[in-house]
>>> print(open('coords_37.cif').read())   # mmCIF, C-alpha atoms
data_target
loop_
_atom_site.label_atom_id
_atom_site.label_comp_id
_atom_site.auth_asym_id
_atom_site.auth_seq_id
_atom_site.Cartn_x
_atom_site.Cartn_y
_atom_site.Cartn_z
CA MET A 30 -50.11 45.11 3.16
CA LEU A 31 -50.55 48.80 3.80
CA ASP A 32 -48.44 51.31 1.90
CA MET A 33 -46.07 52.95 4.40
CA ALA A 34 -46.47 56.42 2.87
CA ASP A 35 -50.26 56.20 3.15
CA VAL A 36 -50.03 55.02 6.74
CA MET A 37 -47.73 57.86 7.68
CA ASP A 38 -49.95 60.44 5.97
CA ALA A 39 -53.15 59.08 7.48
CA SER A 40 -51.84 58.56 10.98
CA THR A 41 -53.02 61.30 13.33
CA ASP A 42 -52.33 59.54 16.61
CA ASN A 43 -50.16 61.53 18.94
CA CYS A 44 -47.65 59.78 21.21
CA LYS A 45 -49.33 61.53 24.10
CA ALA A 46 -52.45 59.47 23.47
CA GLN A 47 -50.35 56.31 23.53
CA ALA A 48 -48.73 57.09 26.89
CA THR A 49 -49.43 54.52 29.58
CA GLY A 50 -46.98 55.58 32.27
CA ALA A 51 -46.48 58.58 34.49
CA LEU A 52 -45.38 60.91 31.70
CA ASP A 53 -47.99 62.92 29.81
CA ALA A 54 -45.88 63.23 26.66
CA VAL A 55 -42.62 62.05 25.15
CA PRO A 56 -39.73 63.99 26.66
CA ALA A 57 -37.95 66.20 24.14
CA ALA A 58 -34.27 65.47 23.58
CA ASP A 59 -31.81 68.04 24.87
CA ALA A 60 -30.48 70.23 22.05
CA LYS A 61 -26.89 69.31 22.90
CA ARG A 62 -27.49 65.65 23.62
CA GLY A 63 -29.37 62.93 21.81
CA GLY A 64 -32.45 61.20 23.20
CA LEU A 65 -32.45 57.59 24.35
CA TYR A 66 -35.45 55.42 23.38
CA VAL A 67 -35.76 52.00 24.97
CA ILE A 68 -37.95 49.55 23.04
CA SER A 69 -38.96 46.33 24.73
CA GLY A 70 -41.76 43.82 25.08
CA PRO A 71 -42.35 40.08 25.27
CA SER A 72 -40.23 37.68 23.24
CA GLY A 73 -41.92 37.01 19.90
CA VAL A 74 -43.92 40.26 19.82
CA GLY A 75 -41.99 41.49 16.77
CA LYS A 76 -39.66 44.07 18.29
CA GLY A 77 -36.85 43.22 15.89
CA THR A 78 -39.07 43.51 12.82
CA LEU A 79 -40.44 46.89 13.90
CA VAL A 80 -37.01 48.28 14.72
CA SER A 81 -35.55 47.05 11.41
CA LYS A 82 -38.33 48.74 9.43
CA LEU A 83 -38.02 51.89 11.54
CA MET A 84 -34.31 52.08 10.74
CA GLU A 85 -35.12 51.81 7.02
CA LEU A 86 -37.60 54.67 7.41
CA ARG A 87 -35.47 56.97 9.55
CA ASP A 88 -31.87 58.05 8.93
CA ASP A 89 -31.67 60.33 11.96
CA VAL A 90 -31.30 57.66 14.65
CA ALA A 91 -28.66 55.11 15.65
CA LEU A 92 -29.42 51.58 16.78
CA SER A 93 -27.42 50.31 19.71
CA VAL A 94 -26.17 46.75 19.24
CA SER A 95 -26.68 44.61 22.33
CA ALA A 96 -24.42 41.85 23.55
CA THR A 97 -25.70 38.35 24.28
CA THR A 98 -24.47 34.89 25.20
CA ARG A 99 -27.16 33.06 23.21
CA SER A 100 -26.33 31.35 19.93
CA PRO A 101 -26.95 33.26 16.68
CA ARG A 102 -30.19 32.51 14.85
CA PRO A 103 -30.12 31.86 11.10
CA GLY A 104 -29.13 35.05 9.25
CA GLU A 105 -27.91 36.94 12.32
CA VAL A 106 -24.50 38.61 12.01
CA ASP A 107 -22.07 39.26 14.85
CA GLY A 108 -21.65 42.99 15.42
CA LYS A 109 -24.79 43.84 13.45
CA ASN A 110 -27.66 42.03 15.15
CA TYR A 111 -25.80 41.33 18.40
CA PHE A 112 -22.32 41.02 19.78
CA PHE A 113 -22.25 37.27 20.45
CA LEU A 114 -20.09 36.67 23.52
CA THR A 115 -19.11 33.73 25.69
CA LYS A 116 -20.46 33.81 29.24
CA GLU A 117 -16.91 34.28 30.49
CA LYS A 118 -16.37 37.36 28.32
CA PHE A 119 -19.78 38.75 29.26
CA LYS A 120 -19.04 38.39 32.98
CA ASP A 121 -15.68 40.12 32.49
CA LEU A 122 -17.51 43.13 31.03
CA ILE A 123 -19.96 43.14 33.95
CA ASP A 124 -17.03 43.29 36.35
CA ALA A 125 -15.53 46.17 34.32
CA ASP A 126 -18.84 48.12 34.47
CA GLY A 127 -19.01 47.94 30.69
CA PHE A 128 -22.82 47.76 30.39
CA ILE A 129 -25.59 50.32 30.87
CA GLU A 130 -27.75 47.37 31.78
CA TRP A 131 -27.64 43.61 31.66
CA ALA A 132 -30.02 40.79 32.42
CA GLU A 133 -30.26 37.02 32.42
CA TYR A 134 -33.17 35.84 30.28
CA ALA A 135 -34.16 32.25 29.44
CA GLY A 136 -30.73 30.98 30.45
CA ASN A 137 -28.69 33.56 28.52
CA PHE A 138 -27.22 36.99 29.29
CA TYR A 139 -28.12 40.20 27.42
CA GLY A 140 -26.58 43.64 27.89
CA THR A 141 -26.15 47.12 26.40
CA PRO A 142 -22.50 48.19 25.90
CA LEU A 143 -21.92 51.58 27.53
CA ASP A 144 -19.30 53.13 25.25
CA PHE A 145 -21.30 53.13 22.00
CA VAL A 146 -24.41 54.65 23.55
CA GLU A 147 -22.57 57.44 25.34
CA GLU A 148 -20.62 58.38 22.21
CA GLN A 149 -23.80 58.70 20.14
CA LEU A 150 -25.75 60.65 22.77
CA SER A 151 -22.87 63.04 23.35
CA ALA A 152 -22.73 63.69 19.60
CA GLY A 153 -26.42 64.70 19.62
CA THR A 154 -27.70 61.50 17.99
CA ASN A 155 -30.91 59.80 19.09
CA VAL A 156 -30.27 56.19 20.09
CA ILE A 157 -32.66 53.23 20.09
CA LEU A 158 -32.14 50.33 22.47
CA GLU A 159 -34.04 47.12 21.76
CA ILE A 160 -33.75 45.22 25.02
CA GLU A 161 -35.66 42.98 27.41
CA VAL A 162 -38.14 44.40 29.93
CA GLN A 163 -35.90 43.65 32.89
CA GLY A 164 -33.07 45.67 31.34
CA ALA A 165 -35.31 48.57 30.36
CA PHE A 166 -35.90 49.55 33.97
CA GLN A 167 -32.19 49.34 34.72
CA VAL A 168 -31.63 51.90 31.96
CA LYS A 169 -34.35 54.16 33.37
CA GLU A 170 -32.69 54.07 36.78
CA LYS A 171 -29.30 55.09 35.37
CA LEU A 172 -30.63 57.47 32.69
CA PRO A 173 -33.97 58.91 33.88
CA ASP A 174 -34.46 60.94 30.67
CA ALA A 175 -34.75 57.74 28.63
CA THR A 176 -38.16 57.11 27.02
CA LEU A 177 -39.51 53.59 27.55
CA ILE A 178 -41.66 52.17 24.72
CA PHE A 179 -43.52 48.88 25.24
CA ILE A 180 -44.43 46.75 22.20
CA GLU A 181 -47.47 44.62 22.98
CA PRO A 182 -49.16 41.79 21.04
CA PRO A 183 -52.84 41.85 20.05
CA SER A 184 -53.37 38.87 22.38
CA MET A 185 -51.40 36.24 24.28
CA ASP A 186 -52.67 33.56 21.87
CA GLU A 187 -51.23 35.53 18.95
CA LEU A 188 -47.94 35.94 20.81
CA GLU A 189 -47.66 32.18 21.33
CA ARG A 190 -48.47 31.57 17.66
CA ARG A 191 -45.66 33.90 16.62
CA ILE A 192 -43.13 32.22 18.93
CA ILE A 193 -44.07 28.78 17.66
CA GLY A 194 -43.92 30.07 14.09
CA ARG A 195 -40.25 31.00 14.46
CA GLY A 196 -39.44 27.31 14.73
CA THR A 197 -36.30 28.00 16.76
CA GLU A 198 -37.37 27.08 20.31
CA SER A 199 -38.21 23.81 22.02
CA GLU A 200 -41.56 23.28 23.75
CA ASP A 201 -39.95 23.88 27.15
CA VAL A 202 -38.42 27.17 25.99
CA ILE A 203 -41.73 28.29 24.49
CA GLU A 204 -43.51 27.61 27.78
CA SER A 205 -40.80 29.53 29.64
CA ARG A 206 -41.10 32.51 27.27
CA MET A 207 -44.89 32.59 27.66
CA ARG A 208 -44.62 32.56 31.46
CA THR A 209 -42.15 35.42 31.27
CA ALA A 210 -44.37 37.29 28.79
CA ARG A 211 -47.31 37.25 31.21
CA VAL A 212 -45.14 38.83 33.89
CA GLU A 213 -43.80 41.43 31.44
CA MET A 214 -47.30 42.38 30.28
CA GLU A 215 -48.17 43.26 33.88
CA ARG A 216 -45.45 45.95 33.78
CA LYS A 217 -46.75 47.63 30.63
CA MET A 218 -48.35 50.45 32.60
CA GLU A 219 -44.93 51.45 33.97
CA TYR A 220 -43.79 52.43 30.46
CA ASP A 221 -44.05 55.90 28.97
CA ILE A 222 -45.65 54.67 25.72
CA ALA A 223 -47.33 51.46 24.51
CA VAL A 224 -47.54 50.47 20.84
CA MET A 225 -49.55 47.42 19.76
CA ASN A 226 -48.01 45.36 16.98
CA ASP A 227 -51.22 44.23 15.31
CA ASP A 228 -50.14 45.29 11.82
CA VAL A 229 -46.44 45.83 11.10
CA ASP A 230 -46.72 48.94 8.91
CA SER A 231 -49.21 50.65 11.22
CA ALA A 232 -47.11 49.83 14.27
CA VAL A 233 -43.95 51.19 12.60
CA ALA A 234 -45.78 54.41 11.76
CA ARG A 235 -46.92 54.86 15.36
CA LEU A 236 -43.45 54.02 16.64
CA SER A 237 -41.83 56.55 14.31
CA GLU A 238 -44.09 59.31 15.65
CA CYS A 239 -42.62 58.73 19.09
CA ILE A 240 -38.97 59.18 18.05
CA VAL A 241 -38.58 62.98 18.05
#
>>> encode(input="coords_37.cif", output="structure tokens")
Amino acid sequence: MLDMADVMDASTDNCKAQATGALDAVPAADAKRGGLYVISGPSGVGKGTLVSKLMELRDDVALSVSATTRSPRPGEVDGKNYFFLTKEKFKDLIDADGFIEWAEYAGNFYGTPLDFVEEQLSAGTNVILEIEVQGAFQVKEKLPDATLIFIEPPSMDELERRIIGRGTESEDVIESRMRTARVEMERKMEYDIAVMNDDVDSAVARLSECIV
């Protein structure tokens, strides 16, 4: 395992070189308002791991907690990893315009609560959203200054291996996630930045460079 300090010192990649979308560089956050960074990618690519390690490394950003109707996985805590809601409660919030974005994914709903994000941005804090690809573009439509960061796997075979390795999904769900992943990978070029999660420490270092 690479030492994080060595990776950070040795890394000379600029986010501009990682850009895959229309932007030439990461937009700078307004001095009076925080920047919004949307991190997404296929299920199983390791988004959660990268974001968790990034939050350990950086104390100058806030992580938005998403809401979902799926069941908690082992070790997940309500209000920390997700707000776990019933479908009825989730739909009530949709009707009340309580989400920046929401999406249905693999039979469950996911969404970003509006109030928390707006409070942090207004206070000048950078905010990270870890959400699905479908939701990322909803955010971009509502908040054009948001920076979209796509986490990609080294290969589709490696992605499938990681999903199977979690041991939490049935064969049918795994097949569904892989079909969805292929569609999501086709949209990678629409993102501002792409970061490959081939090695966790190296990927975290590259990701950290992009949060300014």
>>> resolve_selection(input="coords_37.cif", expression="the PyMOL selection byres ((chain A and resi 81) around 12)", output="ChimeraX atom specification")
/A:75-80,82-88,90-92,109-110,157,159,229-230,233,236-237
>>> closest_residue(input="coords_37.cif", among="A:Tyr139, A:Tyr134, A:Phe166, A:Phe179", to="Ile68 of chain A", atoms="all atoms listed in the file")
A:Phe179
>>> atom_distance(input="coords_37.cif", atom1="atom CA of Ala132 of chain A", atom2="atom CA of Val146 of chain A")
17.4 Å
>>> residues_around(input="coords_37.cif", residues="segment 98-101 of chain A", least_positions_apart="4", cutoff="9 Å", atoms="only C-alpha atoms", output="MDAnalysis selection string")
chainID A and resid 105:107 110:116 119 136:139
>>> residues_around(input="coords_37.cif", residues="Ala165 of chain A", least_positions_apart="4", cutoff="9 Å", atoms="only C-alpha atoms", output="MDAnalysis selection string")
chainID A and resid 67:69 130 158:161 169:170 177
>>> residues_around(input="coords_37.cif", residues="Asp89 of chain A", least_positions_apart="3", cutoff="10 Å", atoms="all atoms listed in the file", output="list of chain:residue names")
A:Met84, A:Leu86, A:Thr154, A:Asn155, A:Val156, A:Ile240, A:Val241
>>> atom_distance(input="coords_37.cif", atom1="atom CA of Asp174 of chain A", atom2="atom CA of Tyr220 of chain A")
12.6 Å
>>> atom_distance(input="coords_37.cif", atom1="atom CA of Gly127 of chain A", atom2="atom CA of Asp144 of chain A")
7.5 Å
>>> closest_residue(input="coords_37.cif", among="A:Glu204, A:Glu181, A:Asp121, A:Glu189", to="Ala135 of chain A", atoms="only C-alpha atoms")
A:Glu204
>>> residues_around(input="coords_37.cif", residues="Gly153 of chain A", least_positions_apart="6", cutoff="8 Å", atoms="only C-alpha atoms", output="list of chain:residue names")
A:Ala60, A:Lys61, A:Arg62, A:Gly63, A:Gly64
>>> closest_residue(input="coords_37.cif", among="A:Val168, A:Ala125, A:Cys239, A:Ile203", to="Thr141 of chain A", atoms="all atoms listed in the file")
A:Val168
>>> closest_residue(input="coords_37.cif", among="A:Ile180, A:Leu65, A:Ala96, A:Val212", to="Asp228 of chain A", atoms="all atoms listed in the file")
A:Ile180
>>> closest_residue(input="coords_37.cif", among="A:Asp227, A:Arg195, A:Asp221, A:Arg208", to="Arg102 of chain A", atoms="all atoms listed in the file")
A:Arg195
